[in-house]
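Asker: Input file: data11.txt. Contents: compact mmCIF, C-alpha atoms and all ligand atoms.
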# COMPACT_ATOMS: atom_id res chain seq x y z
CA MET A 16 11.94 1.80 13.01
CA GLU A 17 12.16 2.11 16.78
CA ASN A 18 8.67 0.68 17.35
CA LEU A 19 9.11 -2.12 14.87
CA TRP A 20 12.40 -3.02 16.52
CA LYS A 21 10.77 -3.26 19.94
CA GLN A 22 7.88 -5.31 18.61
CA LEU A 23 10.25 -7.76 17.00
CA ILE A 24 12.28 -8.26 20.16
CA ASP A 25 9.09 -8.79 22.17
CA LEU A 26 7.80 -11.23 19.59
CA LEU A 27 10.99 -13.26 19.66
CA LYS A 28 11.09 -13.36 23.45
CA ARG A 29 7.55 -14.67 23.79
CA ALA A 30 7.46 -16.91 20.72
CA PRO A 31 7.18 -20.49 21.99
CA SER A 32 4.51 -20.51 24.68
CA THR A 33 4.75 -24.26 25.07
CA VAL A 34 8.03 -25.82 24.15
CA HIS A 35 9.23 -29.36 24.36
CA THR A 36 12.20 -29.53 26.70
CA THR A 37 14.55 -32.43 27.05
CA PRO A 38 14.47 -33.83 30.59
CA SER A 39 18.19 -34.26 31.12
CA SER A 40 18.70 -34.09 34.89
CA ASP A 41 17.13 -32.80 38.08
CA GLU A 42 19.48 -29.86 38.12
CA GLN A 43 18.07 -26.54 37.08
CA GLU A 44 19.62 -25.71 33.70
CA PRO A 45 20.49 -22.06 33.13
CA ASP A 46 18.10 -20.27 30.77
CA CYS A 47 20.23 -19.89 27.67
CA ARG A 48 17.32 -18.69 25.61
CA GLU A 49 17.07 -15.24 27.17
CA GLN A 50 20.84 -14.83 27.19
CA ILE A 51 21.14 -15.74 23.51
CA LEU A 52 18.27 -13.50 22.39
CA THR A 53 19.83 -10.60 24.29
CA ALA A 54 23.26 -11.35 22.78
CA LEU A 55 21.87 -11.31 19.22
CA THR A 56 21.00 -7.63 19.56
CA GLU A 57 23.66 -6.53 22.07
CA CYS A 58 26.64 -7.79 20.06
CA ARG A 59 25.34 -6.02 16.94
CA LYS A 60 26.30 -2.61 18.32
CA ASP A 61 29.13 -1.22 16.21
CA ILE A 62 32.62 -1.73 17.58
CA ASN A 63 34.56 1.37 16.56
CA GLU A 64 38.25 2.09 16.98
CA GLU A 65 37.75 3.53 20.46
CA ASP A 66 35.87 0.37 21.51
CA LEU A 67 38.69 -1.98 20.47
CA PRO A 68 40.42 -2.09 23.88
CA ASP A 69 37.15 -3.37 25.35
CA PHE A 70 36.85 -5.94 22.59
CA ILE A 71 40.44 -7.11 23.20
CA THR A 72 39.80 -7.46 26.94
CA PHE A 73 36.61 -9.41 26.20
CA ALA A 74 38.38 -11.70 23.70
CA LYS A 75 41.39 -12.30 25.98
CA GLU A 76 39.05 -13.36 28.74
CA PHE A 77 37.30 -15.69 26.31
CA PHE A 78 40.59 -17.29 25.22
CA THR A 79 41.61 -17.75 28.87
CA ASN A 80 38.33 -19.45 29.72
CA ASN A 81 38.27 -21.50 26.49
CA PRO A 82 41.78 -22.85 26.10
CA LYS A 83 42.89 -25.25 23.35
CA GLN A 84 39.98 -27.57 22.72
CA ASP A 85 41.31 -30.07 20.22
CA TYR A 86 39.65 -33.00 21.95
CA TYR A 87 36.27 -33.53 20.34
CA ARG A 88 36.26 -36.68 18.29
CA LEU A 89 33.03 -38.52 18.97
CA LEU A 90 29.53 -37.48 19.88
CA ASP A 91 27.40 -40.56 20.49
CA ILE A 92 23.64 -40.07 20.70
CA SER A 93 22.81 -43.55 19.39
CA GLN A 94 21.75 -44.91 22.80
CA SER A 95 20.07 -41.75 24.08
CA ASP A 96 16.36 -41.73 24.96
CA GLU A 97 16.22 -37.94 24.96
CA ASP A 98 15.09 -35.99 21.91
CA ASN A 99 18.46 -34.78 20.64
CA ARG A 100 18.78 -32.15 17.95
CA ILE A 101 22.08 -31.25 16.40
CA VAL A 102 22.22 -27.99 14.45
CA VAL A 103 24.98 -27.95 11.84
CA ILE A 104 26.18 -24.59 10.56
CA GLY A 105 28.46 -24.23 7.52
CA ASP A 106 30.81 -21.37 6.64
CA THR A 107 29.74 -18.04 8.16
CA HIS A 108 32.80 -15.88 7.33
CA CYS A 109 32.14 -12.86 9.56
CA ASP A 110 28.49 -12.68 8.47
CA TYR A 111 26.68 -11.40 11.54
CA ASN A 112 23.25 -11.32 9.87
CA SER A 113 23.23 -14.97 8.92
CA LEU A 114 24.62 -16.24 12.23
CA ALA A 115 22.15 -14.19 14.27
CA THR A 116 19.23 -15.10 12.02
CA ILE A 117 19.87 -18.85 12.42
CA PHE A 118 19.47 -18.46 16.19
CA SER A 119 16.48 -16.14 15.96
CA LYS A 120 14.78 -18.53 13.56
CA LEU A 121 15.41 -21.51 15.83
CA SER A 122 14.02 -19.55 18.76
CA LEU A 123 10.65 -19.50 16.96
CA SER A 124 10.23 -23.26 16.93
CA LYS A 125 7.28 -24.42 19.00
CA ASP A 126 8.11 -28.11 19.13
CA TYR A 127 11.68 -27.97 20.42
CA ASP A 128 13.52 -25.53 22.63
CA TYR A 129 16.64 -25.31 20.48
CA LEU A 130 18.36 -22.53 22.39
CA ASN A 131 18.14 -24.44 25.68
CA ASN A 132 18.65 -27.99 24.44
CA ALA A 133 20.17 -28.41 20.98
CA ARG A 134 23.84 -28.87 20.24
CA PHE A 135 25.42 -26.56 17.69
CA ILE A 136 28.24 -27.75 15.49
CA PHE A 137 29.99 -25.21 13.30
CA LEU A 138 31.93 -26.55 10.32
CA GLY A 139 34.59 -23.81 10.32
CA ASP A 140 35.55 -20.72 8.31
CA TYR A 141 34.64 -17.98 10.76
CA LEU A 142 37.34 -15.57 9.58
CA ASP A 143 37.81 -13.55 6.35
CA ARG A 144 35.52 -12.41 3.51
CA GLY A 145 32.63 -10.94 5.51
CA ALA A 146 32.03 -7.30 6.30
CA ILE A 147 32.16 -7.05 10.09
CA LEU A 148 34.86 -8.93 11.92
CA PHE A 149 34.73 -7.60 15.49
CA GLU A 150 30.96 -7.61 16.02
CA TYR A 151 30.75 -11.09 14.46
CA LEU A 152 33.51 -12.46 16.70
CA LYS A 153 31.87 -10.93 19.72
CA LEU A 154 28.64 -12.77 18.88
CA LEU A 155 30.41 -16.05 18.08
CA PHE A 156 32.42 -15.98 21.34
CA THR A 157 29.34 -14.97 23.34
CA LEU A 158 27.30 -17.83 21.88
CA LYS A 159 30.12 -20.28 22.65
CA THR A 160 30.30 -18.96 26.23
CA ILE A 161 26.54 -19.28 26.77
CA LEU A 162 26.25 -22.71 25.14
CA GLY A 163 29.47 -24.20 26.57
CA ASP A 164 29.87 -27.84 25.54
CA ARG A 165 26.68 -27.64 23.48
CA CYS A 166 28.67 -25.58 20.97
CA ILE A 167 31.53 -27.15 19.05
CA LEU A 168 33.59 -25.02 16.70
CA LEU A 169 35.43 -27.10 14.12
CA LYS A 170 38.39 -25.74 12.19
CA GLY A 171 38.20 -24.49 8.60
CA ASN A 172 41.09 -23.63 6.29
CA HIS A 173 40.61 -19.95 7.17
CA GLU A 174 41.46 -20.79 10.78
CA LEU A 175 44.95 -21.88 9.79
CA VAL A 176 46.46 -18.78 11.34
CA GLY A 177 49.77 -18.41 13.14
CA SER A 178 51.40 -15.65 15.10
CA VAL A 179 54.88 -14.78 13.86
CA GLU A 180 56.80 -12.06 15.69
CA GLY A 181 53.62 -10.50 16.98
CA MET A 182 51.82 -10.49 13.61
CA LEU A 183 49.01 -12.79 12.57
CA ILE A 184 49.73 -14.71 9.38
CA SER A 185 47.14 -16.75 7.52
CA ARG A 186 47.69 -19.65 5.13
CA VAL A 187 44.76 -18.40 3.02
CA ILE A 188 45.29 -15.66 0.46
CA PRO A 189 43.80 -13.10 0.52
CA ALA A 190 43.01 -13.19 4.23
CA ASN A 191 41.32 -9.97 5.23
CA SER A 192 40.87 -10.75 8.95
CA CYS A 193 44.57 -10.95 9.78
CA PRO A 194 45.57 -7.53 8.33
CA LEU A 195 42.64 -5.95 10.17
CA LEU A 196 43.60 -7.53 13.48
CA ASN A 197 47.28 -6.65 12.97
CA GLU A 198 46.39 -3.05 12.22
CA TYR A 199 43.92 -2.46 15.03
CA CYS A 200 45.01 -4.88 17.73
CA ASN A 201 48.64 -4.06 18.32
CA ASP A 202 48.78 -6.36 21.32
CA THR A 203 51.13 -9.34 21.06
CA GLU A 204 49.51 -11.28 23.88
CA PHE A 205 46.10 -10.92 22.23
CA LEU A 206 47.35 -11.89 18.77
CA ASP A 207 49.15 -14.95 20.18
CA SER A 208 46.04 -16.12 22.03
CA PHE A 209 43.96 -15.48 18.92
CA ALA A 210 46.22 -17.62 16.74
CA ASP A 211 46.42 -20.27 19.43
CA TYR A 212 42.66 -20.54 19.87
CA PHE A 213 41.88 -20.92 16.18
CA SER A 214 44.84 -23.18 15.41
CA TYR A 215 43.80 -25.68 18.03
CA LEU A 216 40.15 -26.02 17.09
CA PRO A 217 39.26 -29.67 16.39
CA SER A 218 39.28 -30.66 12.72
CA TYR A 219 36.37 -33.09 12.63
CA LEU A 220 33.67 -34.76 14.68
CA LEU A 221 32.13 -38.19 14.32
CA LEU A 222 28.44 -38.19 15.23
CA LYS A 223 26.98 -41.61 16.02
CA THR A 224 23.20 -41.68 15.76
CA ARG A 225 20.68 -44.58 15.80
CA LYS A 226 20.85 -45.09 12.05
CA ASN A 227 23.81 -43.18 10.69
CA ASN A 228 27.43 -42.55 11.56
CA ILE A 229 28.00 -39.01 10.33
CA LEU A 230 31.36 -37.37 9.77
CA LEU A 231 31.27 -33.59 10.28
CA VAL A 232 34.23 -31.83 8.73
CA HIS A 233 35.09 -28.60 6.92
CA GLY A 234 36.43 -29.96 3.61
CA GLY A 235 36.15 -33.69 3.14
CA LEU A 236 38.32 -36.79 2.93
CA PRO A 237 42.02 -37.57 3.03
CA ARG A 238 43.88 -38.69 -0.08
CA GLU A 239 43.66 -42.35 -0.98
CA GLU A 240 47.34 -43.00 -0.19
CA TYR A 241 46.46 -42.54 3.51
CA PHE A 242 43.45 -44.87 3.54
CA ASP A 243 45.35 -47.96 4.60
CA GLN A 244 47.36 -45.92 7.10
CA CYS A 245 44.44 -44.72 9.17
CA LEU A 246 41.25 -45.91 10.77
CA VAL A 247 38.62 -43.96 12.65
CA SER A 248 38.18 -45.57 16.09
CA ASP A 249 34.65 -46.63 16.82
CA GLU A 250 35.02 -45.96 20.56
CA THR A 251 36.75 -42.59 20.56
CA GLY A 252 36.42 -41.33 16.98
CA GLU A 253 40.18 -40.78 16.92
CA LEU A 254 42.36 -41.35 13.89
CA ILE A 255 44.57 -44.33 14.54
CA CYS A 256 47.86 -43.55 12.81
CA ASP A 257 51.21 -41.86 13.48
CA ASP A 258 51.48 -38.10 14.09
CA ILE A 259 52.96 -37.11 10.73
CA ILE A 260 50.30 -39.01 8.82
CA ARG A 261 47.59 -37.62 11.13
CA ASN A 262 48.65 -34.04 10.36
CA ARG A 263 48.58 -34.70 6.62
CA ILE A 264 45.18 -36.33 6.88
CA LEU A 265 43.73 -33.47 8.93
CA SER A 266 45.10 -30.96 6.43
CA ASN A 267 43.48 -32.94 3.59
CA MET A 268 40.17 -33.01 5.45
CA ILE A 269 40.17 -29.24 5.88
CA TRP A 270 40.93 -28.51 2.20
CA SER A 271 39.39 -31.19 -0.05
CA ASP A 272 36.25 -30.96 -2.23
CA PRO A 273 33.76 -33.64 -3.43
CA ARG A 274 32.87 -33.97 -7.13
CA HIS A 275 29.95 -35.78 -8.73
CA MET A 276 32.18 -37.70 -11.15
CA ASN A 277 35.32 -39.64 -10.38
CA VAL A 278 38.27 -37.29 -10.79
CA ILE A 279 42.01 -37.52 -10.81
CA GLN A 280 43.27 -35.91 -7.62
CA THR A 281 45.32 -32.80 -8.15
CA THR A 282 48.63 -32.26 -6.42
CA ASP A 283 47.47 -29.01 -4.83
CA THR A 284 46.61 -28.62 -1.16
CA ARG A 285 43.04 -28.25 -2.32
CA PHE A 286 42.28 -31.52 -4.10
CA GLU A 287 39.09 -33.13 -5.40
CA PHE A 288 37.59 -36.57 -4.87
CA GLY A 289 34.73 -38.50 -6.48
CA PRO A 290 32.19 -41.21 -5.59
CA SER A 291 34.54 -44.20 -5.63
CA HIS A 292 36.95 -42.41 -3.28
CA PHE A 293 34.02 -41.62 -0.98
CA ASP A 294 32.72 -45.22 -1.08
CA LYS A 295 36.10 -46.67 -0.25
CA PHE A 296 36.76 -44.37 2.71
CA SER A 297 33.27 -44.72 4.16
CA GLU A 298 33.35 -48.50 3.88
CA ILE A 299 36.73 -48.84 5.62
CA ASN A 300 35.64 -46.49 8.40
CA ASN A 301 31.96 -47.42 8.72
CA ILE A 302 30.74 -43.92 7.87
CA ASP A 303 27.26 -43.46 6.38
CA MET A 304 27.20 -39.76 5.69
CA ILE A 305 29.39 -36.67 5.56
CA LEU A 306 28.29 -33.09 6.23
CA ARG A 307 30.85 -30.54 5.11
CA SER A 308 30.98 -26.90 4.01
CA HIS A 309 33.97 -25.11 2.41
CA GLU A 310 32.43 -24.38 -1.02
CA PRO A 311 29.82 -21.67 -1.65
CA VAL A 312 26.80 -23.35 -3.27
CA THR A 313 24.03 -21.10 -4.62
CA ASN A 314 21.22 -23.04 -2.94
CA GLY A 315 23.01 -23.23 0.41
CA VAL A 316 22.96 -27.05 0.21
CA GLU A 317 24.20 -29.48 -2.41
CA SER A 318 23.71 -33.25 -2.30
CA PHE A 319 26.29 -35.80 -3.51
CA TYR A 320 26.38 -39.59 -3.80
CA ASP A 321 22.63 -40.21 -3.41
CA GLY A 322 22.36 -38.08 -0.30
CA ARG A 323 25.37 -39.52 1.50
CA LEU A 324 27.38 -36.30 1.41
CA TYR A 325 26.10 -32.74 1.68
CA THR A 326 27.76 -29.35 1.29
CA ILE A 327 26.17 -26.75 3.59
CA PHE A 328 26.96 -23.05 3.23
CA SER A 329 25.60 -20.64 5.84
CA THR A 330 26.54 -17.17 4.63
CA GLY A 331 24.88 -15.34 1.73
CA GLY A 332 21.69 -13.49 0.85
CA ASN A 333 21.64 -11.16 -2.12
CA THR A 334 20.75 -8.08 -0.07
CA ASN A 335 22.76 -9.01 3.00
CA PRO A 336 25.42 -6.33 3.60
CA ASP A 337 27.43 -8.59 5.97
CA THR A 338 28.22 -11.37 3.50
CA GLY A 339 31.05 -11.70 1.03
CA TYR A 340 28.94 -14.31 -0.81
CA SER A 341 25.82 -12.51 -2.02
CA TYR A 342 25.58 -14.94 -4.97
CA VAL A 343 24.72 -17.66 -2.45
CA THR A 344 21.04 -16.72 -2.64
CA ASN A 345 19.74 -19.31 -0.18
CA PRO A 346 22.24 -19.83 2.67
CA SER A 347 21.18 -22.77 4.83
CA PHE A 348 21.87 -24.90 7.88
CA ALA A 349 21.00 -28.46 8.90
CA ILE A 350 19.19 -30.09 11.82
CA ILE A 351 19.91 -33.73 12.68
CA ASN A 352 17.65 -35.88 14.88
CA ASN A 353 18.36 -39.06 16.90
CA ASP A 354 18.07 -41.21 13.79
CA GLY A 355 20.73 -39.17 12.04
CA GLU A 356 18.39 -37.90 9.33
CA PRO A 357 19.43 -34.36 8.40
CA ARG A 358 16.90 -31.83 7.22
CA PHE A 359 17.90 -28.55 5.73
CA GLU A 360 16.60 -25.13 6.62
CA SER A 361 16.96 -21.98 4.63
CA ILE A 362 18.21 -19.09 6.79
CA TYR A 363 16.12 -16.35 5.20
CA TYR A 364 13.45 -17.92 3.03
CA ARG A 365 9.86 -16.96 3.94
CA LEU A 366 10.96 -15.23 7.10
CA VAL A 367 9.96 -11.62 7.11
CA LEU A 368 10.18 -10.54 10.72
CA ALA A 369 13.23 -12.25 12.14
CA PRO A 370 15.75 -11.28 9.45
CA THR A 371 14.58 -7.70 9.56
CA LEU A 372 16.06 -7.64 13.02
CA PHE A 373 19.52 -7.89 11.66
CA TYR A 374 19.16 -6.42 8.21
CA TYR A 375 18.48 -2.86 9.32
CA ASP A 376 17.80 -0.95 6.10
CA ASN A 377 17.92 -3.87 3.71
CA PRO A 378 14.64 -5.59 2.88
CA VAL A 379 14.74 -9.35 2.57
CA THR A 380 14.25 -10.82 -0.87
CA ILE A 381 12.04 -13.88 -0.71
CA GLN A 382 13.61 -16.92 -2.31
CA PRO A 383 11.85 -19.86 -4.02
CA PRO A 384 11.11 -22.89 -1.86
CA PHE A 385 14.00 -25.22 -1.34
CA ASP A 386 13.42 -28.08 1.03
CA ASP A 387 11.71 -29.01 4.26
CA LEU A 388 9.85 -25.99 5.54
CA HIS A 389 9.22 -27.26 9.03
CA LEU A 390 10.30 -24.18 10.93
CA ASN A 391 9.00 -21.86 8.24
CA ASP A 392 5.54 -23.41 8.50
CA GLU A 393 5.50 -22.90 12.24
CA PHE A 394 6.47 -19.34 11.70
CA ILE A 395 3.69 -18.81 9.17
CA LYS A 396 1.11 -20.35 11.50
CA MET A 397 2.21 -18.01 14.24
CA ASN A 398 2.20 -14.87 12.14
CA GLY A 399 -0.59 -15.46 9.65
CA ASN A 400 -0.30 -15.11 5.92
CA ASN A 401 1.76 -11.94 6.11
CA ALA A 402 4.87 -14.00 6.60
CA GLU A 403 4.43 -15.48 3.15
CA SER A 404 4.23 -12.27 1.17
MN MN A 501 36.90 -23.21 3.47
Is it possible to give me this structure as structure tokens?
Answerer:
Amino acid sequence: MENLWKQLIDLLKRAPSTVHTTPSSDEQEPDCREQILTALTECRKDINEEDLPDFITFAKEFFTNNPKQDYYRLLDISQSDEDNRIVVIGDTHCDYNSLATIFSKLSLSKDYDYLNNARFIFLGDYLDRGAILFEYLKLLFTLKTILGDRCILLKGNHELVGSVEGMLISRVIPANSCPLLNEYCNDTEFLDSFADYFSYLPSYLLLKTRKNNILLVHGGLPREEYFDQCLVSDETGELICDDIIRNRILSNMIWSDPRHMNVIQTTDTRFEFGPSHFDKFSEINNIDMILRSHEPVTNGVESFYDGRLYTIFSTGGNTNPDTGYSYVTNPSFAIINNDGEPRFESIYYRLVLAPTLFYYDNPVTIQPPFDDLHLNDEFIKMNGNNAES
């Protein structure tokens, strides 16, 4: 095990001998690649009860350096001459294996230096359901620190947490992260900062590319009654409406779910919408595509409305001990280019070496092919036919 482990780390560190880098400025960019690859293994070390004070100190420092960040609205790459790649990651729910494997897989690409150049947009739901909260949060916060503005964490419904009299309370039931934090982190200042950080995450991002305007959001669309009360600004991506309406709309967008057929909206917080609802909203607001997460889909990706809306789910794997969603057999993520064409990558499929890094004793089960195998093919070329078996 020891030798294999060392070989794998060495392999990952040397993988792309020639990588395409985006010439952004004359300034020397920091080498994020090495830092991220180190973090993937360092953060995996168990955080036991005696290590919690260190974790709390680390997290407090993170919250201080990353205050409320509810300001992302628009990311415009439509005029850019650089080769931009946007990596979109769906729900991860405290699944260390899947989060780490996405980054280790991207590190193997030979045609683009993802860890040094790509932007990473997370669609929310970091908390609850998964097996290891503290190690996962340490990795997530470390990645955000290394990537800075290249990492945008959007808010999911599981991030609707508040601190009431020194206890974390979640609006999601059951919420297993909050009881754990309340039990082990009896530190009011920490719990307040924790609630503050997650409550103020931005709820959506509008990505303008050469061909498509893409809305990135955890759930989906607002109810129809708000359609004529809001517009998405083309310049700033902001919702133009009054504060009360804005809050209702943002809540809708964190909770709603698309359906293939037209449906009657329910009165619950979590409501459903169909193709005509989607068409109407996207026409009013000039939106071509929506990428969202929120619902576990077995294949990791599900397409709606002729490929104009996708659900992406990024935790799962039927032998993955970190996931609460083992029935999601093919958890996936997306990569968007300058034209705004998304392609979908399976996190574990066909990869033998990289996932073993994070699986420890659990062998990876190979899944049937799903979609574009761009990165997988590079990996196979690099490692010979063994990677396919
Ligand atoms: Mn959700």
Asker: What do you get as a list in words if you pick all residues at most 8 Å from ligand MN 501 (chain A), counting all atoms listed in the file?
Answerer: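 These are the residues that qualify: Asp106, Gly139, Asp140, Gly171, Asn172, His173, His233, Gly234, Ile269, Trp270, Ser308, His309 and Glu310 of chain A.
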Asker: Can you pull out every residue within 10 Å of Phe70 of chain A, counting only C-alpha atoms, but drop anything in the same chain fewer than 3 positions away, and send it as JSON, numbers by chain?
Answerer: {"A": [62, 63, 64, 65, 66, 67, 73, 74, 75, 76, 149, 150, 152, 153, 200]}
Asker: Counting all atoms listed in the file, figure out which residue out of A:Leu148, A:Ile362, A:Leu216, A:Ile104 gets nearest to Thr326 of chain A.
Answerer: A:Ile104
Asker: Excluding Gly355 of chain A and any residue of its chain fewer than 4 positions from it, enumerate the residues within 7 Å of it, using all atoms listed in the file, and give them as an MDAnalysis selection string.
Answerer: chainID A and resid 224:227 351
Asker: So, with only C-alpha atoms as the atoms that count, which of A:Glu174, A:Leu230, A:Ser192, A:Thr116 lies closest to Arg88 of chain A?
Answerer: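 Using only C-alpha atoms, the shortest distance to Arg88 of chain A belongs to A:Leu230.
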Asker: What's the 12 Å shell around Val278 of chain A, counting all atoms listed in the file, without same-chain residues fewer than 6 positions away, as a PyMOL selection string?
Answerer: chain A and resi 272+286-293
Asker: Pick out the closest residue to Tyr325 of chain A from this set: A:Val247, A:Leu89, A:Leu195, A:Leu231. Count all atoms listed in the file.
Answerer: A:Leu231
Asker: Using only C-alpha atoms, which of the listed residues (A:Ser266, A:Ser248, A:Thr330, A:Asn228) sits closest to Ile302 of chain A?
Answerer: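 For Ile302 of chain A, the nearest of the given residues is A:Asn228.
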Asker: As an exercise, work out the distance from atom CA of Lys223 of chain A to atom CA of Ile92 of chain A in Å and give it to one decimal place.
Answerer: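 Computing the Euclidean distance for atom CA of Lys223 of chain A and atom CA of Ile92 of chain A yields 6.0 Å.
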Asker: Taking every listed atom of segment 283-286 of chain A and adding 5 Å to each side, what centre and edge lengths in Å (one decimal) does the axis-aligned box have, as AutoDock Vina command-line options?
Answerer:
--center_x 44.9 --center_y -29.9 --center_z -3.0 --size_x 15.2 --size_y 13.3 --size_z 13.7
Asker: Considering all atoms listed in the file, return as a list in words whatever protein or nucleic-acid residues lie within 7 Å of segment 158-164 of chain A, sequence-local ones (same chain, fewer than 3 positions apart) excluded.
Answerer: Cys47, Ile51, Leu154, Leu155 and Ile167 of chain A
Asker: Determine the nearest neighbour of Val103 of chain A from the options A:Ile260, A:Leu121, A:Ile136, A:Leu254, counting only C-alpha atoms.
Answerer: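 Checking each of A:Ile260, A:Leu121, A:Ile136, A:Leu254 against Val103 of chain A, counting only C-alpha atoms, the winner is A:Ile136.
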Asker: Let me make sure I understand: among A:Arg100, A:Arg261, A:Phe242, A:Asn81, which one has the smallest atom-to-atom distance to Ala349 of chain A if we use only C-alpha atoms?
Answerer: A:Arg100
Asker: Could you work out how far atom CA of Thr282 of chain A lies from atom CA of Ser185 of chain A, giving the answer in Å with one decimal?
Answerer: 20.9 Å
